[in-house]
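Below is run.cif, which holds mmCIF, C-alpha atoms, pLDDT in the B column; chains and numbers go by the auth columns.
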data_entry
loop_
_atom_site.group_PDB
_atom_site.id
_atom_site.type_symbol
_atom_site.label_atom_id
_atom_site.label_comp_id
_atom_site.label_asym_id
_atom_site.label_seq_id
_atom_site.Cartn_x
_atom_site.Cartn_y
_atom_site.Cartn_z
_atom_site.B_iso_or_equiv
_atom_site.auth_seq_id
_atom_site.auth_asym_id
ATOM 1 C CA MET A 1 -2.341 16.926 -12.525 91.00 132 Y
ATOM 2 C CA LYS A 2 -4.163 16.074 -9.322 94.00 133 Y
ATOM 3 C CA SER A 3 -7.722 14.796 -9.390 92.00 134 Y
ATOM 4 C CA ASP A 4 -10.422 15.701 -6.920 91.00 135 Y
ATOM 5 C CA VAL A 5 -9.822 14.337 -3.437 93.00 136 Y
ATOM 6 C CA ILE A 6 -12.688 12.185 -2.203 90.00 137 Y
ATOM 7 C CA GLU A 7 -13.519 10.677 1.158 88.00 138 Y
ATOM 8 C CA VAL A 8 -13.492 6.867 1.327 83.00 139 Y
ATOM 9 C CA SER A 9 -14.569 4.513 4.052 77.00 140 Y
ATOM 10 C CA SER A 10 -14.593 0.768 4.538 69.00 141 Y
ATOM 11 C CA ARG A 11 -18.162 0.987 5.857 68.00 142 Y
ATOM 12 C CA ASP A 12 -20.097 2.678 3.062 64.00 143 Y
ATOM 13 C CA ASP A 13 -20.455 3.087 -0.686 65.00 144 Y
ATOM 14 C CA ARG A 14 -17.776 5.762 -0.960 72.00 145 Y
ATOM 15 C CA ILE A 15 -15.514 3.097 -2.474 75.00 146 Y
ATOM 16 C CA GLU A 16 -17.662 3.140 -5.607 83.00 147 Y
ATOM 17 C CA ASP A 17 -17.022 6.883 -5.784 87.00 148 Y
ATOM 18 C CA ALA A 18 -13.283 6.153 -5.984 87.00 149 Y
ATOM 19 C CA LEU A 19 -13.857 3.906 -8.997 89.00 150 Y
ATOM 20 C CA LYS A 20 -15.955 6.589 -10.691 93.00 151 Y
ATOM 21 C CA LEU A 21 -13.187 9.115 -10.017 94.00 152 Y
ATOM 22 C CA THR A 22 -10.701 6.720 -11.635 95.00 153 Y
ATOM 23 C CA GLU A 23 -12.880 6.430 -14.730 95.00 154 Y
ATOM 24 C CA ARG A 24 -13.183 10.234 -14.964 95.00 155 Y
ATOM 25 C CA VAL A 25 -9.381 10.584 -14.758 96.00 156 Y
ATOM 26 C CA ALA A 26 -8.969 7.922 -17.465 96.00 157 Y
ATOM 27 C CA ALA A 27 -11.519 9.632 -19.731 95.00 158 Y
ATOM 28 C CA TYR A 28 -9.992 13.069 -19.181 95.00 159 Y
ATOM 29 C CA ASN A 29 -6.548 11.736 -20.135 95.00 160 Y
ATOM 30 C CA GLU A 30 -7.976 9.808 -23.104 95.00 161 Y
ATOM 31 C CA LEU A 31 -6.403 6.547 -22.031 96.00 162 Y
ATOM 32 C CA SER A 32 -6.602 3.490 -24.259 96.00 163 Y
ATOM 33 C CA PRO A 33 -9.113 0.793 -23.264 95.00 164 Y
ATOM 34 C CA LYS A 34 -6.240 -1.382 -21.969 96.00 165 Y
ATOM 35 C CA ASN A 35 -4.868 1.445 -19.820 96.00 166 Y
ATOM 36 C CA VAL A 36 -8.343 2.301 -18.533 95.00 167 Y
ATOM 37 C CA LEU A 37 -8.676 -1.333 -17.450 95.00 168 Y
ATOM 38 C CA HIS A 38 -5.263 -1.309 -15.723 95.00 169 Y
ATOM 39 C CA LEU A 39 -6.000 1.931 -13.871 95.00 170 Y
ATOM 40 C CA ARG A 40 -9.423 0.685 -12.785 94.00 171 Y
ATOM 41 C CA LEU A 41 -8.016 -2.654 -11.612 93.00 172 Y
ATOM 42 C CA LEU A 42 -5.396 -0.841 -9.543 94.00 173 Y
ATOM 43 C CA ALA A 43 -8.087 1.378 -8.018 92.00 174 Y
ATOM 44 C CA GLU A 44 -10.297 -1.649 -7.310 89.00 175 Y
ATOM 45 C CA GLU A 45 -7.451 -3.469 -5.578 87.00 176 Y
ATOM 46 C CA THR A 46 -6.598 -0.373 -3.563 84.00 177 Y
ATOM 47 C CA MET A 47 -10.226 -0.064 -2.472 82.00 178 Y
ATOM 48 C CA CYS A 48 -10.410 -3.803 -1.695 78.00 179 Y
ATOM 49 C CA LEU A 49 -7.503 -3.223 0.666 72.00 180 Y
ATOM 50 C CA VAL A 50 -9.569 -0.540 2.395 65.00 181 Y
ATOM 51 C CA ARG A 51 -12.252 -3.153 3.077 67.00 182 Y
ATOM 52 C CA ALA A 52 -9.789 -5.878 4.047 65.00 183 Y
ATOM 53 C CA ILE A 53 -7.507 -3.799 6.239 60.00 184 Y
ATOM 54 C CA THR A 54 -9.879 -2.674 8.949 56.00 185 Y
ATOM 55 C CA GLU A 55 -13.543 -2.397 9.797 58.00 186 Y
ATOM 56 C CA ASP A 56 -13.589 1.337 10.235 64.00 187 Y
ATOM 57 C CA LEU A 57 -11.036 2.945 7.934 69.00 188 Y
ATOM 58 C CA ARG A 58 -11.822 6.479 6.870 78.00 189 Y
ATOM 59 C CA GLY A 59 -9.509 8.265 4.518 84.00 190 Y
ATOM 60 C CA GLN A 60 -9.009 10.158 1.306 91.00 191 Y
ATOM 61 C CA PHE A 61 -8.339 8.952 -2.227 92.00 192 Y
ATOM 62 C CA TRP A 62 -7.036 10.827 -5.257 96.00 193 Y
ATOM 63 C CA ILE A 63 -5.004 10.288 -8.413 96.00 194 Y
ATOM 64 C CA VAL A 64 -2.021 12.291 -9.604 97.00 195 Y
ATOM 65 C CA ASN A 65 -0.672 12.012 -13.106 95.00 196 Y
ATOM 66 C CA ASN A 66 2.267 13.577 -14.858 94.00 197 Y
ATOM 67 C CA LYS A 67 2.075 12.582 -18.507 92.00 198 Y
ATOM 68 C CA ASP A 68 2.109 8.755 -18.484 95.00 199 Y
ATOM 69 C CA ASN A 69 2.990 8.371 -14.798 97.00 200 Y
ATOM 70 C CA TYR A 70 0.030 7.742 -12.487 97.00 201 Y
ATOM 71 C CA GLU A 71 -0.113 7.639 -8.698 96.00 202 Y
ATOM 72 C CA LEU A 72 -3.145 6.399 -6.778 95.00 203 Y
ATOM 73 C CA HIS A 73 -3.066 7.903 -3.279 94.00 204 Y
ATOM 74 C CA LEU A 74 -4.896 6.593 -0.229 88.00 205 Y
ATOM 75 C CA THR A 75 -4.390 8.362 3.093 87.00 206 Y
ATOM 76 C CA ALA A 76 -5.902 7.574 6.454 80.00 207 Y
ATOM 77 C CA ARG A 77 -5.503 8.294 10.125 75.00 208 Y
ATOM 78 C CA THR A 78 -4.590 5.313 12.208 67.00 209 Y
ATOM 79 C CA SER A 79 -4.471 4.678 15.908 61.00 210 Y
ATOM 80 C CA VAL A 80 -0.697 4.344 16.084 52.00 211 Y
ATOM 81 C CA ASP A 81 0.291 6.106 19.259 52.00 212 Y
ATOM 82 C CA PRO A 82 3.926 7.087 19.878 52.00 213 Y
ATOM 83 C CA LEU A 83 4.586 3.883 21.864 55.00 214 Y
ATOM 84 C CA GLN A 84 3.179 1.657 19.082 50.00 215 Y
ATOM 85 C CA ARG A 85 5.140 3.654 16.524 48.00 216 Y
ATOM 86 C CA GLU A 86 8.343 3.104 18.503 50.00 217 Y
ATOM 87 C CA LYS A 87 7.595 -0.637 18.697 48.00 218 Y
ATOM 88 C CA LEU A 88 6.909 -0.734 14.954 43.00 219 Y
ATOM 89 C CA LEU A 89 10.160 1.065 14.261 42.00 220 Y
ATOM 90 C CA SER A 90 12.184 -1.173 16.582 43.00 221 Y
ATOM 91 C CA ALA A 91 10.529 -4.307 15.192 40.00 222 Y
ATOM 92 C CA SER A 92 11.448 -3.186 11.697 37.00 223 Y
ATOM 93 C CA PHE A 93 15.107 -3.674 12.556 33.00 224 Y
ATOM 94 C CA SER A 94 14.697 -6.843 14.663 33.00 225 Y
ATOM 95 C CA GLY A 95 14.057 -9.380 11.900 37.00 226 Y
ATOM 96 C CA LYS A 96 11.084 -10.948 13.713 39.00 227 Y
ATOM 97 C CA ASN A 97 8.053 -11.870 11.651 35.00 228 Y
ATOM 98 C CA GLU A 98 5.418 -12.912 14.150 36.00 229 Y
ATOM 99 C CA ALA A 99 2.339 -11.493 12.445 39.00 230 Y
ATOM 100 C CA HIS A 100 1.145 -9.842 9.249 46.00 231 Y
ATOM 101 C CA ARG A 101 2.942 -12.192 6.924 51.00 232 Y
ATOM 102 C CA GLY A 102 2.843 -11.803 3.162 56.00 233 Y
ATOM 103 C CA PHE A 103 2.256 -8.935 0.785 56.00 234 Y
ATOM 104 C CA ILE A 104 -1.168 -7.787 1.989 55.00 235 Y
ATOM 105 C CA GLY A 105 -0.169 -8.381 5.604 58.00 236 Y
ATOM 106 C CA LYS A 106 2.728 -5.969 5.279 57.00 237 Y
ATOM 107 C CA ILE A 107 0.406 -3.229 4.048 59.00 238 Y
ATOM 108 C CA ARG A 108 -2.184 -4.081 6.724 57.00 239 Y
ATOM 109 C CA ALA A 109 0.503 -3.695 9.421 58.00 240 Y
ATOM 110 C CA PHE A 110 0.612 0.050 8.794 56.00 241 Y
ATOM 111 C CA PHE A 111 -3.115 0.429 9.326 56.00 242 Y
ATOM 112 C CA GLU A 112 -3.488 -2.139 12.140 54.00 243 Y
ATOM 113 C CA PRO A 113 -0.144 -2.263 13.953 48.00 244 Y
ATOM 114 C CA MET A 114 0.369 -5.188 16.306 46.00 245 Y
ATOM 115 C CA GLU A 115 3.052 -5.900 18.835 42.00 246 Y
ATOM 116 C CA GLY A 116 5.830 -8.086 17.433 42.00 247 Y
ATOM 117 C CA VAL A 117 5.168 -7.173 13.800 42.00 248 Y
ATOM 118 C CA TYR A 118 8.092 -7.174 11.399 40.00 249 Y
ATOM 119 C CA VAL A 119 7.690 -4.824 8.472 44.00 250 Y
ATOM 120 C CA PRO A 120 10.850 -4.008 6.493 46.00 251 Y
ATOM 121 C CA LEU A 121 10.936 -0.237 6.687 46.00 252 Y
ATOM 122 C CA ALA A 122 13.312 2.483 5.632 47.00 253 Y
ATOM 123 C CA ALA A 123 13.848 5.004 8.380 44.00 254 Y
ATOM 124 C CA VAL A 124 16.603 6.789 10.177 39.00 255 Y
ATOM 125 C CA PRO A 125 17.527 4.567 13.162 42.00 256 Y
ATOM 126 C CA GLY A 126 16.763 6.316 16.428 44.00 257 Y
ATOM 127 C CA ASP A 127 14.603 8.986 14.779 43.00 258 Y
ATOM 128 C CA VAL A 128 11.086 8.211 15.990 43.00 259 Y
ATOM 129 C CA ASP A 129 9.710 11.242 14.135 46.00 260 Y
ATOM 130 C CA ALA A 130 11.006 10.065 10.744 45.00 261 Y
ATOM 131 C CA ASP A 131 8.638 8.742 8.111 58.00 262 Y
ATOM 132 C CA LEU A 132 8.549 4.951 7.999 69.00 263 Y
ATOM 133 C CA THR A 133 8.256 3.601 4.468 75.00 264 Y
ATOM 134 C CA TRP A 134 7.609 0.134 3.052 75.00 265 Y
ATOM 135 C CA SER A 135 8.065 -0.550 -0.663 80.00 266 Y
ATOM 136 C CA MET A 136 6.587 -3.429 -2.660 82.00 267 Y
ATOM 137 C CA SER A 137 9.577 -3.513 -5.018 85.00 268 Y
ATOM 138 C CA THR A 138 11.987 -3.857 -2.082 82.00 269 Y
ATOM 139 C CA TYR A 139 9.755 -6.554 -0.574 80.00 270 Y
ATOM 140 C CA GLN A 140 9.731 -8.436 -3.903 83.00 271 Y
ATOM 141 C CA LEU A 141 13.542 -8.410 -3.945 85.00 272 Y
ATOM 142 C CA GLN A 142 13.657 -9.644 -0.349 82.00 273 Y
ATOM 143 C CA VAL A 143 11.260 -12.489 -1.149 82.00 274 Y
ATOM 144 C CA GLN A 144 13.248 -13.390 -4.266 86.00 275 Y
ATOM 145 C CA GLN A 145 16.469 -13.521 -2.213 87.00 276 Y
ATOM 146 C CA ALA A 146 14.720 -15.616 0.440 84.00 277 Y
ATOM 147 C CA MET A 147 13.577 -18.025 -2.297 86.00 278 Y
ATOM 148 C CA GLU A 148 17.146 -18.343 -3.593 90.00 279 Y
ATOM 149 C CA GLN A 149 18.352 -19.041 -0.053 88.00 280 Y
ATOM 150 C CA LYS A 150 15.473 -21.508 0.514 86.00 281 Y
ATOM 151 C CA GLN A 151 14.351 -19.708 3.689 82.00 282 Y
ATOM 152 C CA ASP A 152 11.258 -20.837 5.578 81.00 283 Y
ATOM 153 C CA GLY A 153 8.122 -19.038 4.436 79.00 284 Y
ATOM 154 C CA ALA A 154 9.676 -17.758 1.203 80.00 285 Y
ATOM 155 C CA THR A 155 7.566 -20.000 -1.031 85.00 286 Y
ATOM 156 C CA GLU A 156 4.340 -18.860 0.630 82.00 287 Y
ATOM 157 C CA ALA A 157 5.370 -15.203 0.333 79.00 288 Y
ATOM 158 C CA TRP A 158 6.227 -15.691 -3.353 82.00 289 Y
ATOM 159 C CA ASP A 159 2.888 -17.433 -3.999 83.00 290 Y
ATOM 160 C CA GLU A 160 1.029 -14.518 -2.424 81.00 291 Y
ATOM 161 C CA LEU A 161 2.911 -12.054 -4.610 80.00 292 Y
ATOM 162 C CA GLU A 162 2.065 -14.143 -7.676 84.00 293 Y
ATOM 163 C CA LYS A 163 -1.652 -13.974 -6.804 84.00 294 Y
ATOM 164 C CA SER A 164 -1.697 -10.212 -6.195 82.00 295 Y
ATOM 165 C CA VAL A 165 -3.156 -7.942 -8.854 84.00 296 Y
ATOM 166 C CA LEU A 166 -1.260 -5.023 -7.333 84.00 297 Y
ATOM 167 C CA ALA A 167 2.047 -6.901 -7.521 85.00 298 Y
ATOM 168 C CA HIS A 168 1.439 -7.723 -11.188 86.00 299 Y
ATOM 169 C CA LEU A 169 0.090 -4.411 -12.448 91.00 300 Y
ATOM 170 C CA ALA A 170 1.702 -1.746 -10.277 91.00 301 Y
ATOM 171 C CA ASP A 171 5.239 -0.564 -10.890 93.00 302 Y
ATOM 172 C CA ASP A 172 5.540 -0.089 -7.149 90.00 303 Y
ATOM 173 C CA VAL A 173 3.438 0.350 -4.028 87.00 304 Y
ATOM 174 C CA LYS A 174 4.778 2.421 -1.163 85.00 305 Y
ATOM 175 C CA VAL A 175 3.229 2.720 2.253 80.00 306 Y
ATOM 176 C CA SER A 176 4.470 5.284 4.743 79.00 307 Y
ATOM 177 C CA ILE A 177 3.502 6.322 8.214 74.00 308 Y
ATOM 178 C CA ASN A 178 4.144 9.695 9.767 73.00 309 Y
ATOM 179 C CA GLY A 179 2.669 10.239 13.211 68.00 310 Y
ATOM 180 C CA PHE A 180 -0.953 9.072 13.000 71.00 311 Y
ATOM 181 C CA ASP A 181 -1.105 9.459 9.202 77.00 312 Y
ATOM 182 C CA VAL A 182 -0.685 6.527 6.832 78.00 313 Y
ATOM 183 C CA GLU A 183 -0.363 6.953 3.067 83.00 314 Y
ATOM 184 C CA MET A 184 -0.337 4.274 0.404 84.00 315 Y
ATOM 185 C CA ILE A 185 0.698 5.242 -3.124 89.00 316 Y
ATOM 186 C CA VAL A 186 0.314 2.883 -6.076 92.00 317 Y
ATOM 187 C CA TYR A 187 2.643 3.804 -8.973 95.00 318 Y
ATOM 188 C CA LYS A 188 1.945 2.911 -12.602 95.00 319 Y
ATOM 189 C CA LYS A 189 3.363 4.121 -15.890 96.00 320 Y
ATOM 190 C CA LEU A 190 0.760 3.886 -18.645 94.00 321 Y
ATOM 191 C CA SER A 191 2.082 4.360 -22.152 85.00 322 Y
#
What would the structure in this file look like if it were written as structure tokens?
Amino acid sequence: MKSDVIEVSSRDDRIEDALKLTERVAAYNELSPKNVLHLRLLAEETMCLVRAITEDLRGQFWIVNNKDNYELHLTARTSVDPLQREKLLSASFSGKNEAHRGFIGKIRAFFEPMEGVYVPLAAVPGDVDADLTWSMSTYQLQVQQAMEQKQDGATEAWDELEKSVLAHLADDVKVSINGFDVEMIVYKKLS
């Protein structure tokens, strides 16, 4: 079931509306107090990202649930022109990590792309029109492997994951970009 879709912005009180929507979804689905808390915390963290990512982010927020599986959706338009998109795609295969380090930085890179950014993405090489997707669970595995191999920066990346509410509560977070549209989906199974 899909909730109402509401407008959110990093500049006004619409973020509070997203939290109220989350509480209505929790009440409608008669979630336990613990699950209500988890869903609200995930929504709060998602909305905190809206504030942290950019000064003027305008987008839409909604929740989809199918039985115990919940998805918190945040979509926005970004200023990624085709040239920036091509650079983001090519950087995703280059292995360079010049900017946007860490968990939150990887998500921010989709909303505020910068030249030289490395974001591990899944896409069809050479297909500039393909969706680009970043997954928290894949990133966690990459950081874990980097820790095992004692790579530079791995400890800092692991520490940031350990501090993240999203990394602890969400089953996964996926961020994708298609043209000028960016979508972040937070996945959580509540039993």
Discussion item. Can you measure atom CA of Ala149 of chain Y to atom CA of Lys294 of chain Y for me? One decimal in Å is fine.
Written reply: 23.3 Å
Worksheet item: Applied to the shown file, which residues does the PyMOL selection byres ((chain Y and resi 163-175) around 8) return, written as a list of chain:residue names?
Response: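 This file, filtered by the PyMOL selection byres ((chain Y and resi 163-175) around 8), leaves Y:Ala149, Y:Leu150, Y:Thr153, Y:Glu154, Y:Ala157, Y:Glu161, Y:Leu162, Y:Glu176, Y:Thr177, Y:Met178, Y:Cys179, Y:Leu203, Y:Val296, Y:Leu297, Y:Leu300, Y:Ala301, Y:Val317, Y:Leu321, Y:Ser322.
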Worksheet item: Mind pulling up the distance from atom CA of Val304 of chain Y to atom CA of Arg208 of chain Y?
Response: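 It comes out at 18.5 Å.
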Discussion item. Using Å and a single decimal, report how far atom CA of Gln271 of chain Y sits from atom CA of Ala207 of chain Y.
Written reply: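 Result for atom CA of Ala207 of chain Y versus atom CA of Gln271 of chain Y: 24.7 Å, one decimal.
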Worksheet item: Between Y:Ser140, Y:Ser134, Y:Gln276, Y:Thr269, which is the closest to Trp193 of chain Y once you count all atoms listed in the file?
Response: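 Checking each of Y:Ser140, Y:Ser134, Y:Gln276, Y:Thr269 against Trp193 of chain Y, counting all atoms listed in the file, the winner is Y:Ser134.
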Discussion item. Counting all atoms listed in the file, which residue out of Y:Tyr159, Y:Trp289, Y:Trp265, Y:Tyr270 sits closest to Met132 of chain Y?
Written reply: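 Looking at the shortest contact to Met132 of chain Y, the residue is Y:Tyr159.
When all atoms listed in the file are used to compute distances to Asp303 of chain Y, the closest of the residues Y:Tyr318, Y:Met278, Y:Asp283, Y:His204 turns out to be Y:Tyr318.
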Worksheet item: Between Y:His299, Y:Lys198, Y:Lys305, Y:Lys320, which one has atoms that come closest to Lys133 of chain Y, using all atoms listed in the file?
Response: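 Residue with the minimum atom-to-atom distance to Lys133 of chain Y: Y:Lys198.
With only the atoms specified (all atoms listed in the file) counting, those residues at most 9 Å away from (-0.3, 9.9, -15.1) are Y:Met132, Y:Asn160, Y:Ile194, Y:Val195, Y:Asn196, Y:Asn197, Y:Lys198, Y:Asp199, Y:Asn200, Y:Tyr201, Y:Glu202, Y:Lys319, Y:Lys320, Y:Leu321.
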Give me a file of those residues, with C-alpha atoms, as a PDB file, in the frame of the given file.
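Output contents, as saved in result_25.pdb:
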ATOM      1  CA  MET Y 132      -2.341  16.926 -12.525  1.00 91.00           C
ATOM      2  CA  ASN Y 160      -6.548  11.736 -20.135  1.00 95.00           C
ATOM      3  CA  ILE Y 194      -5.004  10.288  -8.413  1.00 96.00           C
ATOM      4  CA  VAL Y 195      -2.021  12.291  -9.604  1.00 97.00           C
ATOM      5  CA  ASN Y 196      -0.672  12.012 -13.106  1.00 95.00           C
ATOM      6  CA  ASN Y 197       2.267  13.577 -14.858  1.00 94.00           C
ATOM      7  CA  LYS Y 198       2.075  12.582 -18.507  1.00 92.00           C
ATOM      8  CA  ASP Y 199       2.109   8.755 -18.484  1.00 95.00           C
ATOM      9  CA  ASN Y 200       2.990   8.371 -14.798  1.00 97.00           C
ATOM     10  CA  TYR Y 201       0.030   7.742 -12.487  1.00 97.00           C
ATOM     11  CA  GLU Y 202      -0.113   7.639  -8.698  1.00 96.00           C
ATOM     12  CA  LYS Y 319       1.945   2.911 -12.602  1.00 95.00           C
ATOM     13  CA  LYS Y 320       3.363   4.121 -15.890  1.00 96.00           C
ATOM     14  CA  LEU Y 321       0.760   3.886 -18.645  1.00 94.00           C
TER      15      LEU Y 321
END
Practice prompt. Determine the nearest neighbour of Thr286 of chain Y from the options Y:Val139, Y:Val274, Y:Ala158, Y:Ile316, counting all atoms listed in the file.
Written response: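 Of Y:Val139, Y:Val274, Y:Ala158, Y:Ile316, the one nearest Thr286 of chain Y, counting all atoms listed in the file, is Y:Val274.
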Discussion item. Between Y:Ser295, Y:Thr206, Y:Ala285, Y:Met267, which residue has the minimum interatomic distance to Phe311 of chain Y, considering all atoms listed in the file?
Written reply: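 Using all atoms listed in the file, Phe311 of chain Y sits closest to Y:Thr206.
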Rebuild N, CA and C atoms on segment 297-317 of chain Y, as a compact mmCIF listing (two decimals), in the frame of the given file?
# COMPACT_ATOMS: atom_id res chain seq x y z
N LEU Y 297 -2.14 -6.18 -7.52
CA LEU Y 297 -1.26 -5.02 -7.33
C LEU Y 297 0.19 -5.36 -7.68
N ALA Y 298 0.66 -6.52 -7.25
CA ALA Y 298 2.05 -6.90 -7.52
C ALA Y 298 2.29 -7.08 -9.01
N HIS Y 299 1.28 -7.51 -9.74
CA HIS Y 299 1.44 -7.72 -11.19
C HIS Y 299 1.29 -6.45 -12.01
N LEU Y 300 0.38 -5.58 -11.62
CA LEU Y 300 0.09 -4.41 -12.45
C LEU Y 300 0.85 -3.15 -12.04
N ALA Y 301 1.06 -2.98 -10.75
CA ALA Y 301 1.70 -1.75 -10.28
C ALA Y 301 3.21 -1.81 -10.51
N ASP Y 302 3.78 -0.65 -10.81
CA ASP Y 302 5.24 -0.56 -10.89
C ASP Y 302 5.83 -0.60 -9.49
N ASP Y 303 5.14 -0.03 -8.54
CA ASP Y 303 5.54 -0.09 -7.15
C ASP Y 303 4.36 0.32 -6.29
N VAL Y 304 4.39 -0.08 -5.03
CA VAL Y 304 3.44 0.35 -4.03
C VAL Y 304 4.28 0.76 -2.84
N LYS Y 305 4.05 1.96 -2.34
CA LYS Y 305 4.78 2.42 -1.16
C LYS Y 305 3.76 2.81 -0.10
N VAL Y 306 4.08 2.38 1.12
CA VAL Y 306 3.23 2.72 2.25
C VAL Y 306 4.11 3.41 3.27
N SER Y 307 3.68 4.56 3.75
CA SER Y 307 4.47 5.28 4.74
C SER Y 307 3.57 5.72 5.89
N ILE Y 308 4.22 5.86 7.04
CA ILE Y 308 3.50 6.32 8.21
C ILE Y 308 4.28 7.48 8.81
N ASN Y 309 3.55 8.52 9.14
CA ASN Y 309 4.14 9.70 9.77
C ASN Y 309 3.18 10.14 10.86
N GLY Y 310 3.58 9.93 12.11
CA GLY Y 310 2.67 10.24 13.21
C GLY Y 310 1.48 9.31 13.15
N PHE Y 311 0.27 9.86 13.10
CA PHE Y 311 -0.95 9.07 13.00
C PHE Y 311 -1.42 8.92 11.55
N ASP Y 312 -0.69 9.47 10.60
CA ASP Y 312 -1.10 9.46 9.20
C ASP Y 312 -0.40 8.36 8.42
N VAL Y 313 -1.20 7.59 7.69
CA VAL Y 313 -0.68 6.53 6.83
C VAL Y 313 -1.05 6.89 5.40
N GLU Y 314 -0.10 6.70 4.48
CA GLU Y 314 -0.36 6.95 3.07
C GLU Y 314 0.14 5.78 2.25
N MET Y 315 -0.72 5.30 1.36
CA MET Y 315 -0.34 4.27 0.40
C MET Y 315 -0.41 4.91 -0.98
N ILE Y 316 0.67 4.72 -1.76
CA ILE Y 316 0.70 5.24 -3.12
C ILE Y 316 0.99 4.07 -4.06
N VAL Y 317 0.14 3.90 -5.05
CA VAL Y 317 0.31 2.88 -6.08
C VAL Y 317 0.85 3.60 -7.32
